[in-house]
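S.K.: Take a look at coords_17.cif, mmCIF, C-alpha atoms:
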```cif
data_target
loop_
_atom_site.label_atom_id
_atom_site.label_comp_id
_atom_site.auth_asym_id
_atom_site.auth_seq_id
_atom_site.Cartn_x
_atom_site.Cartn_y
_atom_site.Cartn_z
CA MET H 1 117.44 98.97 78.08
CA THR H 2 120.95 100.03 79.03
CA ASN H 3 122.24 99.60 82.55
CA SER H 4 119.15 97.52 83.41
CA VAL H 5 117.19 100.74 83.90
CA LYS H 6 113.44 100.29 83.67
CA LYS H 7 110.48 102.57 83.30
CA SER H 8 107.71 102.50 85.86
CA VAL H 9 104.16 101.52 85.01
CA LEU H 10 103.16 105.20 85.04
CA CYS H 11 106.08 106.73 83.14
CA ASP H 12 104.26 107.07 79.81
CA LEU H 13 101.11 108.43 81.46
CA VAL H 14 103.00 111.10 83.37
CA ALA H 15 104.95 112.16 80.26
CA ARG H 16 102.07 112.09 77.81
CA HIS H 17 101.99 115.87 77.08
CA SER H 18 105.74 116.24 76.76
CA ASP H 19 106.68 114.38 73.57
CA PHE H 20 108.78 112.18 75.81
CA ASP H 21 109.98 108.82 74.48
CA PHE H 22 111.44 106.76 77.31
CA ASP H 23 113.49 104.40 75.14
CA LYS H 24 115.05 107.26 73.17
CA TYR H 25 115.68 109.16 76.39
CA ILE H 26 117.66 106.30 77.91
CA ALA H 27 119.57 105.65 74.69
CA ASN H 28 120.55 109.28 74.17
CA THR H 29 120.96 110.58 77.72
CA ALA H 30 124.12 110.28 79.76
CA ARG H 31 123.71 108.30 82.97
CA GLU H 32 124.68 111.27 85.13
CA ASP H 33 121.79 113.28 83.65
CA TYR H 34 119.01 111.14 85.11
CA ASP H 35 118.49 109.36 88.38
CA VAL H 36 117.78 105.70 89.01
CA TRP H 37 115.11 105.19 91.63
CA ASN H 38 114.85 101.58 92.80
CA GLU H 39 116.08 100.47 89.34
CA PHE H 40 113.57 102.76 87.58
CA CYS H 41 114.47 105.84 85.56
CA LEU H 42 113.60 109.22 87.05
CA PRO H 43 114.14 111.88 84.33
CA MET H 44 115.48 115.27 85.28
CA HIS H 45 112.56 116.70 83.32
CA TYR H 46 110.03 115.56 80.72
CA SER H 47 109.76 118.85 78.81
CA ASP H 48 111.67 121.65 80.52
CA ALA H 49 111.98 122.33 84.22
CA ALA H 50 110.84 125.97 84.05
CA THR H 51 107.53 125.04 82.40
CA GLU H 52 106.98 122.10 84.72
CA TYR H 53 107.60 124.31 87.76
CA LYS H 54 105.25 127.01 86.49
CA THR H 55 102.52 124.41 85.87
CA LEU H 56 102.89 123.01 89.38
CA ARG H 57 102.89 126.35 91.19
CA ASN H 58 100.03 127.84 89.15
CA SER H 59 97.82 124.88 88.24
CA CYS H 60 98.40 121.15 88.78
CA ALA H 61 101.25 118.85 87.78
CA ILE H 62 101.76 115.13 88.30
CA PHE H 63 104.64 113.02 89.52
CA ASP H 64 105.29 109.30 89.12
CA ALA H 65 105.72 107.97 92.66
CA SER H 66 105.43 104.29 91.74
CA PRO H 67 109.12 103.42 92.30
CA MET H 68 108.90 104.54 95.92
CA LYS H 69 109.81 101.77 98.37
CA LYS H 70 106.69 100.48 100.11
CA TYR H 71 106.59 98.26 103.18
CA ARG H 72 103.42 96.81 104.72
CA PHE H 73 103.25 95.92 108.42
CA LYS H 74 100.37 93.79 109.68
CA GLY H 75 99.53 92.25 113.03
CA GLN H 76 98.78 93.35 116.56
CA ASP H 77 102.45 94.28 117.08
CA ALA H 78 102.75 96.38 113.90
CA GLY H 79 102.32 99.68 115.73
CA LYS H 80 104.71 98.70 118.53
CA PHE H 81 107.37 97.75 116.00
CA LEU H 82 107.07 101.06 114.15
CA ASP H 83 107.24 102.92 117.46
CA LYS H 84 110.56 101.14 118.08
CA ILE H 85 112.20 102.02 114.76
CA LEU H 86 110.82 105.57 114.41
CA THR H 87 111.84 108.56 116.51
CA ALA H 88 108.19 109.52 117.16
CA PRO H 89 105.37 107.05 117.95
CA VAL H 90 102.68 106.33 115.38
CA SER H 91 100.67 103.61 117.13
CA GLN H 92 98.41 106.16 118.84
CA ILE H 93 97.41 108.16 115.75
CA PRO H 94 93.89 107.48 114.43
CA ALA H 95 93.26 105.04 111.61
CA MET H 96 93.28 106.57 108.11
CA LYS H 97 95.86 109.14 109.12
CA ALA H 98 99.44 109.51 107.92
CA ALA H 99 102.50 110.65 109.83
CA TYR H 100 106.01 111.73 108.90
CA GLY H 101 108.61 109.39 110.38
CA LEU H 102 112.38 109.35 110.88
CA ILE H 103 114.52 106.19 111.01
CA CYS H 104 117.88 106.52 112.78
CA ASP H 105 120.70 104.15 113.61
CA GLU H 106 121.99 103.49 117.14
CA ASN H 107 124.29 106.50 116.84
CA GLY H 108 121.37 108.83 116.14
CA TYR H 109 122.26 109.43 112.49
CA LEU H 110 119.39 109.62 110.04
CA ILE H 111 119.08 106.52 107.86
CA ASP H 112 115.86 107.41 106.06
CA ASP H 113 112.55 109.18 106.43
CA GLY H 114 109.13 108.48 105.04
CA ILE H 115 105.38 108.56 105.39
CA VAL H 116 103.54 106.08 107.59
CA ASN H 117 99.95 105.41 106.51
CA LYS H 118 97.89 103.92 109.33
CA LEU H 119 95.09 102.02 107.61
CA ALA H 120 93.89 100.19 110.75
CA SER H 121 95.15 99.44 114.25
CA ASP H 122 96.96 96.39 112.88
CA ASP H 123 97.74 97.56 109.34
CA TYR H 124 100.36 100.15 108.35
CA GLN H 125 102.24 101.19 105.23
CA LEU H 126 105.67 102.81 105.26
CA LEU H 127 106.63 104.75 102.13
CA ILE H 128 110.32 105.65 101.87
CA THR H 129 112.52 106.90 99.08
CA GLU H 130 114.65 103.88 98.29
CA GLN H 131 116.61 102.42 101.19
CA ASP H 132 116.46 98.64 101.52
CA LEU H 133 115.61 98.33 105.19
CA ASP H 134 115.08 94.56 105.36
CA GLU H 135 118.23 94.03 107.43
CA HIS H 136 117.43 96.96 109.71
CA PHE H 137 113.92 95.66 110.31
CA SER H 138 115.12 92.14 111.00
CA LYS H 139 117.60 93.41 113.57
CA TYR H 140 114.85 94.89 115.72
CA ASN H 141 111.99 92.52 115.00
CA ASP H 142 111.50 90.60 118.23
CA PHE H 143 107.70 90.79 118.04
CA ASP H 144 105.35 87.80 117.84
CA ASP H 145 102.35 89.09 115.85
CA LEU H 146 103.97 90.94 112.97
CA THR H 147 104.40 90.37 109.24
CA ILE H 148 106.48 92.66 107.05
CA VAL H 149 106.08 92.61 103.27
CA ASP H 150 107.84 94.66 100.60
CA GLU H 151 104.98 95.84 98.36
CA THR H 152 107.03 98.13 96.10
CA THR H 153 105.94 96.49 92.85
CA LEU H 154 102.34 95.87 93.90
CA SER H 155 100.94 99.39 93.66
CA ALA H 156 101.17 102.42 91.40
CA GLY H 157 101.40 105.92 92.82
CA MET H 158 100.88 109.43 91.51
CA ALA H 159 101.24 112.80 93.19
CA PHE H 160 98.94 115.60 92.01
CA GLN H 161 100.44 118.87 93.21
CA GLY H 162 99.48 122.51 92.86
CA PRO H 163 96.69 124.98 93.68
CA LYS H 164 94.22 123.30 91.32
CA SER H 165 94.90 119.74 92.52
CA CYS H 166 91.76 119.65 94.67
CA GLU H 167 89.63 120.72 91.70
CA VAL H 168 91.19 117.86 89.76
CA MET H 169 90.33 115.38 92.51
CA LEU H 170 86.72 116.62 92.54
CA GLN H 171 86.56 116.10 88.78
CA PHE H 172 87.69 112.53 89.43
CA GLY H 173 84.46 112.15 91.39
CA PHE H 174 86.16 112.12 94.79
CA ASN H 175 83.34 113.97 96.53
CA GLY H 176 84.35 115.39 99.89
CA VAL H 177 88.07 115.33 99.11
CA GLU H 178 88.21 119.06 99.79
CA GLN H 179 87.50 118.32 103.47
CA LEU H 180 90.58 116.13 103.90
CA ALA H 181 93.03 117.70 106.30
CA PRO H 182 96.80 117.43 105.72
CA PHE H 183 97.98 113.87 106.39
CA GLU H 184 94.41 112.50 106.26
CA LEU H 185 93.64 109.41 104.15
CA LYS H 186 90.48 108.20 102.49
CA TYR H 187 89.47 105.50 100.01
CA PHE H 188 87.52 106.56 96.93
CA ASN H 189 85.97 104.56 94.11
CA LEU H 190 87.01 105.26 90.54
CA SER H 191 85.09 103.23 87.96
CA GLY H 192 85.12 100.18 90.23
CA HIS H 193 88.71 100.56 91.40
CA GLN H 194 89.68 101.43 94.97
CA ILE H 195 91.98 104.45 95.17
CA LEU H 196 93.75 105.43 98.39
CA VAL H 197 94.00 109.23 98.51
CA GLY H 198 96.16 111.10 100.99
CA ARG H 199 96.47 114.84 101.37
CA LEU H 200 100.22 114.67 101.08
CA GLY H 201 103.05 115.90 98.92
CA PHE H 202 106.69 116.84 98.64
CA THR H 203 106.31 120.31 97.14
CA GLY H 204 105.11 122.57 99.96
CA ASP H 205 101.92 123.14 97.99
CA LEU H 206 98.37 121.86 98.04
CA GLY H 207 98.56 118.28 96.86
CA TYR H 208 97.36 114.70 96.97
CA GLU H 209 98.97 111.29 96.57
CA LEU H 210 97.03 108.45 94.96
CA TRP H 211 97.89 104.78 95.42
CA PHE H 212 96.16 102.04 93.45
CA ASN H 213 96.49 98.66 91.77
CA PRO H 214 98.28 98.95 88.40
CA GLU H 215 95.13 97.47 86.82
CA ALA H 216 93.49 100.87 87.42
CA ILE H 217 95.95 102.83 85.29
CA GLN H 218 93.65 103.17 82.29
CA VAL H 219 90.74 104.51 84.33
CA VAL H 220 93.11 106.94 86.06
CA ALA H 221 94.36 108.06 82.63
CA GLN H 222 90.79 108.62 81.48
CA ALA H 223 89.98 110.56 84.65
CA ILE H 224 92.98 112.81 84.01
CA ASP H 225 91.86 113.48 80.44
CA ASP H 226 88.31 114.23 81.59
CA ALA H 227 89.54 116.59 84.33
CA GLU H 228 91.80 118.44 81.92
CA HIS H 229 88.90 118.92 79.52
CA ALA H 230 86.49 120.05 82.25
CA LEU H 231 88.98 122.48 83.83
CA ASP H 232 90.67 123.54 80.57
CA ILE H 233 94.15 122.76 81.85
CA LYS H 234 97.08 120.53 80.93
CA MET H 235 98.70 118.57 83.74
CA LEU H 236 102.35 118.20 82.86
CA GLY H 237 104.52 115.58 84.46
CA TYR H 238 107.44 116.96 86.43
CA GLY H 239 110.86 115.42 86.92
CA LEU H 240 113.68 115.43 89.43
CA THR H 241 114.75 119.04 88.87
CA VAL H 242 111.35 120.40 89.87
CA VAL H 243 111.12 117.90 92.74
CA ASN H 244 114.41 119.30 94.03
CA ILE H 245 113.40 122.95 93.61
CA CYS H 246 110.02 122.52 95.29
CA ARG H 247 111.25 120.44 98.21
CA LEU H 248 114.10 122.89 98.84
CA GLU H 249 111.65 125.80 98.78
CA ALA H 250 109.56 123.90 101.34
CA GLY H 251 112.60 123.05 103.49
CA MET H 252 112.15 119.29 103.08
CA ILE H 253 115.10 116.98 103.74
CA VAL H 254 116.13 113.98 101.63
CA PRO H 255 118.39 111.43 103.36
CA GLY H 256 121.20 110.51 100.99
CA TRP H 257 121.02 113.94 99.35
CA ASP H 258 121.35 116.13 102.43
CA THR H 259 123.37 113.46 104.24
CA SER H 260 126.06 111.14 102.93
CA GLY H 261 124.10 107.98 103.65
CA THR H 262 127.22 105.79 103.54
CA PHE H 263 127.88 105.84 107.33
CA GLU H 264 131.63 105.54 106.68
CA ASP H 265 132.48 108.90 108.28
CA PRO H 266 130.31 110.41 111.05
CA GLU H 267 131.32 113.90 109.92
CA ASN H 268 129.35 113.34 106.72
CA GLU H 269 126.20 112.11 108.47
CA ARG H 270 123.64 114.16 110.34
CA THR H 271 121.26 113.69 113.25
CA PRO H 272 117.69 115.00 113.00
CA PHE H 273 118.73 117.94 115.23
CA GLU H 274 121.23 118.96 112.54
CA LEU H 275 118.62 118.80 109.77
CA THR H 276 115.80 120.98 111.20
CA LEU H 277 114.00 117.74 112.13
CA GLY H 278 114.42 117.77 115.89
CA TRP H 279 110.68 118.40 116.29
CA ASN H 280 110.11 114.80 115.17
CA VAL H 281 112.32 113.27 117.87
CA LYS H 282 110.22 112.49 120.94
CA LEU H 283 112.66 111.95 123.79
CA ALA H 284 110.15 112.53 126.57
CA ASN H 285 108.03 109.42 125.98
CA ASP H 286 108.89 106.05 127.54
CA ILE H 287 109.47 104.23 124.25
CA ASP H 288 113.06 103.03 123.81
CA PHE H 289 113.29 103.65 120.08
CA VAL H 290 116.41 102.97 118.04
CA GLY H 291 118.93 105.75 118.56
CA LYS H 292 117.19 107.29 121.58
CA ALA H 293 120.20 107.14 123.91
CA ALA H 294 122.49 108.75 121.34
CA LEU H 295 119.93 111.39 120.43
CA THR H 296 119.45 112.24 124.10
CA GLN H 297 123.16 113.01 124.31
CA CYS H 298 123.00 114.97 121.05
CA LYS H 299 120.21 117.07 122.51
CA ILE H 300 122.28 117.80 125.63
CA GLN H 301 125.48 118.58 123.74
CA GLY H 302 123.81 120.57 121.00
CA PRO H 303 124.06 120.05 117.23
CA ARG H 304 127.43 120.05 115.49
CA TYR H 305 125.80 121.67 112.45
CA LYS H 306 122.80 123.84 111.71
CA MET H 307 120.84 123.65 108.47
CA LYS H 308 119.87 126.90 106.80
CA GLY H 309 118.69 128.05 103.41
CA ILE H 310 120.90 129.83 100.92
CA LYS H 311 120.38 131.82 97.73
CA ILE H 312 123.24 132.62 95.36
CA PHE H 313 122.48 135.28 92.72
CA HIS H 314 125.18 134.35 90.23
CA THR H 315 125.18 132.01 87.23
CA CYS H 316 128.41 130.24 88.15
CA ALA H 317 128.80 126.46 88.12
CA LEU H 318 127.94 124.90 91.47
CA GLU H 319 127.31 121.35 92.60
CA ASP H 320 125.97 119.40 95.55
CA GLY H 321 128.53 119.12 98.33
CA GLN H 322 130.19 122.44 97.47
CA GLU H 323 132.33 123.73 100.34
CA LEU H 324 131.21 126.88 102.14
CA PHE H 325 133.65 129.49 103.44
CA ALA H 326 133.71 132.68 105.48
CA ASN H 327 136.20 135.36 106.48
CA VAL H 328 136.82 135.43 110.22
CA ASP H 329 139.27 137.97 111.67
CA GLY H 330 140.92 138.41 108.30
CA ALA H 331 141.39 134.68 107.65
CA THR H 332 139.38 132.32 105.45
CA PHE H 333 137.83 129.26 107.04
CA LYS H 334 135.69 126.41 105.78
CA ILE H 335 132.46 126.62 107.79
CA GLY H 336 130.27 124.01 106.11
CA THR H 337 128.92 122.61 102.87
CA LEU H 338 126.02 122.95 100.48
CA PRO H 339 124.55 119.42 100.60
CA SER H 340 121.90 120.31 98.00
CA ILE H 341 121.97 123.16 95.49
CA VAL H 342 119.89 123.65 92.33
CA TRP H 343 119.53 126.39 89.73
CA HIS H 344 116.03 127.87 89.92
CA GLU H 345 115.42 128.75 86.27
CA ASN H 346 112.17 130.57 87.02
CA GLU H 347 113.68 132.84 89.69
CA LYS H 348 117.21 133.01 88.22
CA TYR H 349 119.20 132.11 91.31
CA TRP H 350 120.80 129.11 93.00
CA LEU H 351 118.62 127.68 95.75
CA GLY H 352 119.94 125.29 98.35
CA PHE H 353 120.64 124.15 101.87
CA ALA H 354 123.69 125.21 103.85
CA SER H 355 124.97 122.84 106.55
CA ILE H 356 126.99 125.18 108.75
CA ILE H 357 129.16 124.46 111.80
CA SER H 358 127.04 125.57 114.76
CA ASP H 359 129.66 127.97 116.10
CA CYS H 360 129.66 129.72 112.71
CA ALA H 361 125.90 129.76 112.16
CA SER H 362 125.59 133.50 112.83
CA ILE H 363 128.17 134.49 110.21
CA ASP H 364 126.66 136.30 107.23
CA ASN H 365 129.58 136.95 104.85
CA ILE H 366 129.73 133.41 103.48
CA PHE H 367 130.89 132.41 100.04
CA VAL H 368 131.63 129.52 97.71
CA ILE H 369 134.40 129.15 95.16
CA CYS H 370 133.06 129.10 91.60
CA ASN H 371 134.13 125.89 89.87
CA GLU H 372 134.68 127.70 86.56
CA THR H 373 136.46 130.90 87.57
CA ASN H 374 137.87 130.04 91.02
CA LYS H 375 136.36 133.33 92.24
CA ARG H 376 134.49 133.92 95.46
CA ILE H 377 130.72 133.99 95.07
CA TYR H 378 128.83 135.31 98.09
CA GLY H 379 125.48 133.90 99.13
CA GLU H 380 122.48 135.08 101.13
CA ILE H 381 121.59 132.94 104.15
CA CYS H 382 117.83 132.49 104.64
CA LYS H 383 115.53 130.95 107.21
CA LEU H 384 113.77 127.74 106.27
CA PRO H 385 111.37 127.16 104.70
CA PHE H 386 111.77 129.56 101.80
CA ILE H 387 108.02 129.47 101.11
CA ASN H 388 104.89 129.02 103.21
CA LEU H 389 101.89 128.71 100.89
CA ALA H 390 98.50 129.18 102.53
CA GLN H 391 96.75 126.59 100.37
CA ARG H 392 99.03 123.82 101.58
CA ASN H 393 97.14 123.42 104.87
CA GLN H 394 93.80 125.17 104.44
CA VAL H 395 90.59 123.20 104.98
CA PRO H 396 88.43 123.08 102.98
CA ALA H 397 91.01 123.02 100.22
CA ILE H 398 88.91 125.21 97.91
#
```
Spit out the file's structure as structure tokens when you get a sec.
M.R.:
Amino acid sequence: MTNSVKKSVLCDLVARHSDFDFDKYIANTAREDYDVWNEFCLPMHYSDAATEYKTLRNSCAIFDASPMKKYRFKGQDAGKFLDKILTAPVSQIPAMKAAYGLICDENGYLIDDGIVNKLASDDYQLLITEQDLDEHFSKYNDFDDLTIVDETTLSAGMAFQGPKSCEVMLQFGFNGVEQLAPFELKYFNLSGHQILVGRLGFTGDLGYELWFNPEAIQVVAQAIDDAEHALDIKMLGYGLTVVNICRLEAGMIVPGWDTSGTFEDPENERTPFELTLGWNVKLANDIDFVGKAALTQCKIQGPRYKMKGIKIFHTCALEDGQELFANVDGATFKIGTLPSIVWHENEKYWLGFASIISDCASIDNIFVICNETNKRIYGEICKLPFINLAQRNQVPAI
């Protein structure tokens, strides 16, 4: 393997319908055309992004979540510790529930976000994209009854996303899965293997995430084949391009994509209030979580930037971080950036986020400069999220 890039334990299973050869892909693909996720390869697509997107939005598609960083917290102080490092408490949620969590630094800037799975009162999992938080955890770990273990390589994970994902889970034999509410967890048995199922996802659609011991991969593969046969569908794997399109449509933030993540220049970092995530900052409770003092001041002063959606109906060349401009009183001013922008092949427009200076947030005549022609390309500012699919939250799911 070049560049020490590896494939995850589920890469071949996810790509099985796409004539995708991992070794050839790495050998023949430029490094800038795929992402490396915790040292594992994340392809931009396995077949083509338009087909993968159509499969996800109309049927069911699968994503390899195994490289996700996974921390386990055990002990009577596990909940108290997580309450300290997250901007909203999780210790009081019921067991077998999940919660979305934000991790900020002392200045209130977002370091990472993730899903907290509460398995018991003294047993939690934290699933984050890729940040190594060992040093951050150590800095604030002054608790007696707490163990923290990095379990990234100890479990395999798959996301099943799309309107038929519940039907797929029922074909797996997960009876009652349709009654799971969003963010609810339950263990199911699959041919003698314990599978943790959460009604979760990163697509804004109906979906489930499965976590299991890698020893169960073959029985999961067989269950997929059986479900495809029973439902007469093909579950394509989807890559980073479709992940980006779907999460943008759903208005979901990715630290390090929608923020700089280097913490070298505060102007390039964002607080939760500047990322549409202020709802997950609980300032009123009595917990002195990391960044609370700074975020309290941010709340009083107001956000420097506001995050909005943007569509650009032009096939020019654009890229993440593109500067955003507007005409004000006959003069041209830079009013923000496009932290994330992606071409939506199915809809034929650019879809992205616009981080706009708060004082300029009401301006409509905004534009970017096309990288190819140096011409102004005007965009349409939209409220987030772009989509709000009914099946995402309905119970029962079918």
S.K.: Using the chain letters and numbers from this file, what does the PyMOL selection byres ((chain H and resi 299) around 12) select? Give the answer as a ChimeraX atom specification.
M.R.: /H:108,271-274,278-279,281-284,292-298,300-304
S.K.: When the PyMOL selection byres ((chain H and resi 331-336) around 9) is applied to the file above, which residues end up in the set, as number ranges by chain?
M.R.: H: 305, 322-330, 337-338, 354-361, 366
S.K.: Please measure the separation of atom CA of H:Leu384 and atom CA of H:Met252, giving the value in Å to one decimal.
M.R.: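 Atom CA of H:Met252 lies 9.2 Å from atom CA of H:Leu384.
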S.K.: Under the PyMOL selection byres ((chain H and resi 94) around 10), which residues of this model are included? Write them out as a ChimeraX atom specification.
M.R.: /H:90-93,95-98,118-121,184
S.K.: To one decimal place, how far is atom CA of H:Lys139 from atom CA of H:Asp113 in Å?
M.R.: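 Pair atom CA of H:Lys139 / atom CA of H:Asp113 returns 18.0 Å.
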S.K.: Could you work out how far atom CA of H:Glu52 lies from atom CA of H:Glu345, giving the answer in Å with one decimal?
M.R.: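 Going from atom CA of H:Glu345 over to atom CA of H:Glu52, I get 10.9 Å.
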S.K.: When you count all atoms listed in the file, which of these residues is closest to H:Pro214: H:Gly239, H:Gly198, H:Gly291, H:Gly157?
M.R.: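 Going through H:Gly239, H:Gly198, H:Gly291, H:Gly157 one by one, the smallest distance to H:Pro214 is for H:Gly157.
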S.K.: Find the residue from H:Lys70, H:Lys375, H:Arg270, H:Lys24 that sits nearest to H:Ile111; use only C-alpha atoms when measuring.
M.R.: H:Arg270
S.K.: Go through stretch 13-96 of chain H and flag each residue having an atom no more than 12 Å from stretch 201-205 of chain H; for those, report the closest pair of atoms plus their distance in Å to one decimal, using all atoms listed in the file, ordered by chain and rising number, as a Markdown table.
M.R.:
```
| residue | atom | partner | partner_atom | distance |
| --- | --- | --- | --- | --- |
| H:Tyr53 | CA | H:Thr203 | CA | 10.3 |
| H:Leu56 | CA | H:Asp205 | CA | 8.7 |
| H:Arg57 | CA | H:Asp205 | CA | 7.6 |
| H:Asn58 | CA | H:Asp205 | CA | 10.2 |
| H:Ser59 | CA | H:Asp205 | CA | 10.7 |
| H:Cys60 | CA | H:Asp205 | CA | 10.1 |
| H:Ala61 | CA | H:Thr203 | CA | 10.7 |
| H:Ile62 | CA | H:Gly201 | CA | 10.7 |
| H:Phe63 | CA | H:Gly201 | CA | 10.0 |
| H:Ala65 | CA | H:Gly201 | CA | 10.4 |
```
S.K.: Would you output that residue set with C-alpha atoms, as a PDB file, in the frame of the given file?
M.R.:
```pdb
ATOM      1  CA  TYR H  53     107.600 124.310  87.760  1.00  0.00           C
ATOM      2  CA  LEU H  56     102.890 123.010  89.380  1.00  0.00           C
ATOM      3  CA  ARG H  57     102.890 126.350  91.190  1.00  0.00           C
ATOM      4  CA  ASN H  58     100.030 127.840  89.150  1.00  0.00           C
ATOM      5  CA  SER H  59      97.820 124.880  88.240  1.00  0.00           C
ATOM      6  CA  CYS H  60      98.400 121.150  88.780  1.00  0.00           C
ATOM      7  CA  ALA H  61     101.250 118.850  87.780  1.00  0.00           C
ATOM      8  CA  ILE H  62     101.760 115.130  88.300  1.00  0.00           C
ATOM      9  CA  PHE H  63     104.640 113.020  89.520  1.00  0.00           C
ATOM     10  CA  ALA H  65     105.720 107.970  92.660  1.00  0.00           C
TER      11      ALA H  65
END
```
S.K.: Excluding H:Glu347 and any residue of its chain fewer than 5 positions from it, enumerate the residues within 12 Å of it, using all atoms listed in the file, and give them as a list in words.
M.R.: Ala49, Ala50, Tyr53, Lys54, Ile245, Glu249, Lys311, Ile312, Phe313, His314, Thr315 and Val342 of chain H
S.K.: Go ahead and save the picked residues with C-alpha atoms, as a short mmCIF file (atom, residue, chain, number, x, y, z; two decimals), in the frame of the given file.
M.R.:
```
data_model
loop_
_atom_site.label_atom_id
_atom_site.label_comp_id
_atom_site.auth_asym_id
_atom_site.auth_seq_id
_atom_site.Cartn_x
_atom_site.Cartn_y
_atom_site.Cartn_z
CA ALA H 49 111.98 122.33 84.22
CA ALA H 50 110.84 125.97 84.05
CA TYR H 53 107.60 124.31 87.76
CA LYS H 54 105.25 127.01 86.49
CA ILE H 245 113.40 122.95 93.61
CA GLU H 249 111.65 125.80 98.78
CA LYS H 311 120.38 131.82 97.73
CA ILE H 312 123.24 132.62 95.36
CA PHE H 313 122.48 135.28 92.72
CA HIS H 314 125.18 134.35 90.23
CA THR H 315 125.18 132.01 87.23
CA VAL H 342 119.89 123.65 92.33
#
```
S.K.: Could you work out an axis-aligned box for stretch 13-28 of chain H, taking every atom the file lists and adding 8 Å on each side, and report centre and edge lengths in Å to one decimal, as lines of an AutoDock Vina configuration file?
M.R.:
```
center_x = 110.8
center_y = 110.3
center_z = 78.3
size_x = 35.4
size_y = 27.8
size_z = 26.2
```
S.K.: What's the 7 Å shell around H:Tyr187, counting only C-alpha atoms, without same-chain residues fewer than 2 positions away, as an NGL selection string?
M.R.: :H and (189 or 194-197)
S.K.: Using all atoms listed in the file, which residues sit within 8 Å of stretch 72-88 of chain H once same-chain residues fewer than 5 positions away are excluded, as a PyMOL selection string?
M.R.: chain H and resi 101-104+121-126+137+140-141+143-151+280-282+287-292
S.K.: Once you have the residues from the selection above, write them out as an mmCIF file, keeping the file's coordinate frame, restricted to C-alpha atoms.
M.R.:
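Output below, filename result-v3.cif:
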```
data_model
loop_
_atom_site.group_PDB
_atom_site.id
_atom_site.type_symbol
_atom_site.label_atom_id
_atom_site.label_comp_id
_atom_site.auth_asym_id
_atom_site.auth_seq_id
_atom_site.Cartn_x
_atom_site.Cartn_y
_atom_site.Cartn_z
ATOM 1 C CA GLY H 101 108.610 109.390 110.380
ATOM 2 C CA LEU H 102 112.380 109.350 110.880
ATOM 3 C CA ILE H 103 114.520 106.190 111.010
ATOM 4 C CA CYS H 104 117.880 106.520 112.780
ATOM 5 C CA SER H 121 95.150 99.440 114.250
ATOM 6 C CA ASP H 122 96.960 96.390 112.880
ATOM 7 C CA ASP H 123 97.740 97.560 109.340
ATOM 8 C CA TYR H 124 100.360 100.150 108.350
ATOM 9 C CA GLN H 125 102.240 101.190 105.230
ATOM 10 C CA LEU H 126 105.670 102.810 105.260
ATOM 11 C CA PHE H 137 113.920 95.660 110.310
ATOM 12 C CA TYR H 140 114.850 94.890 115.720
ATOM 13 C CA ASN H 141 111.990 92.520 115.000
ATOM 14 C CA PHE H 143 107.700 90.790 118.040
ATOM 15 C CA ASP H 144 105.350 87.800 117.840
ATOM 16 C CA ASP H 145 102.350 89.090 115.850
ATOM 17 C CA LEU H 146 103.970 90.940 112.970
ATOM 18 C CA THR H 147 104.400 90.370 109.240
ATOM 19 C CA ILE H 148 106.480 92.660 107.050
ATOM 20 C CA VAL H 149 106.080 92.610 103.270
ATOM 21 C CA ASP H 150 107.840 94.660 100.600
ATOM 22 C CA GLU H 151 104.980 95.840 98.360
ATOM 23 C CA ASN H 280 110.110 114.800 115.170
ATOM 24 C CA VAL H 281 112.320 113.270 117.870
ATOM 25 C CA LYS H 282 110.220 112.490 120.940
ATOM 26 C CA ILE H 287 109.470 104.230 124.250
ATOM 27 C CA ASP H 288 113.060 103.030 123.810
ATOM 28 C CA PHE H 289 113.290 103.650 120.080
ATOM 29 C CA VAL H 290 116.410 102.970 118.040
ATOM 30 C CA GLY H 291 118.930 105.750 118.560
ATOM 31 C CA LYS H 292 117.190 107.290 121.580
#
```
S.K.: What lies within 9 Å of H:Phe386 using all atoms listed in the file, ignoring chain neighbours under 5 positions off, as a PyMOL selection string?
M.R.: chain H and resi 248-251+309
S.K.: Find the residue from H:Glu228, H:Tyr25, H:Arg199, H:Pro89 that sits nearest to H:Lys186; use only C-alpha atoms when measuring.
M.R.: H:Arg199
S.K.: Write out as a VMD selection string which residues come within 7 Å of H:Thr259 when counting only C-alpha atoms, dropping same-chain ones fewer than 2 positions away.
M.R.: chain H and resid 255 to 257 261 268 to 270
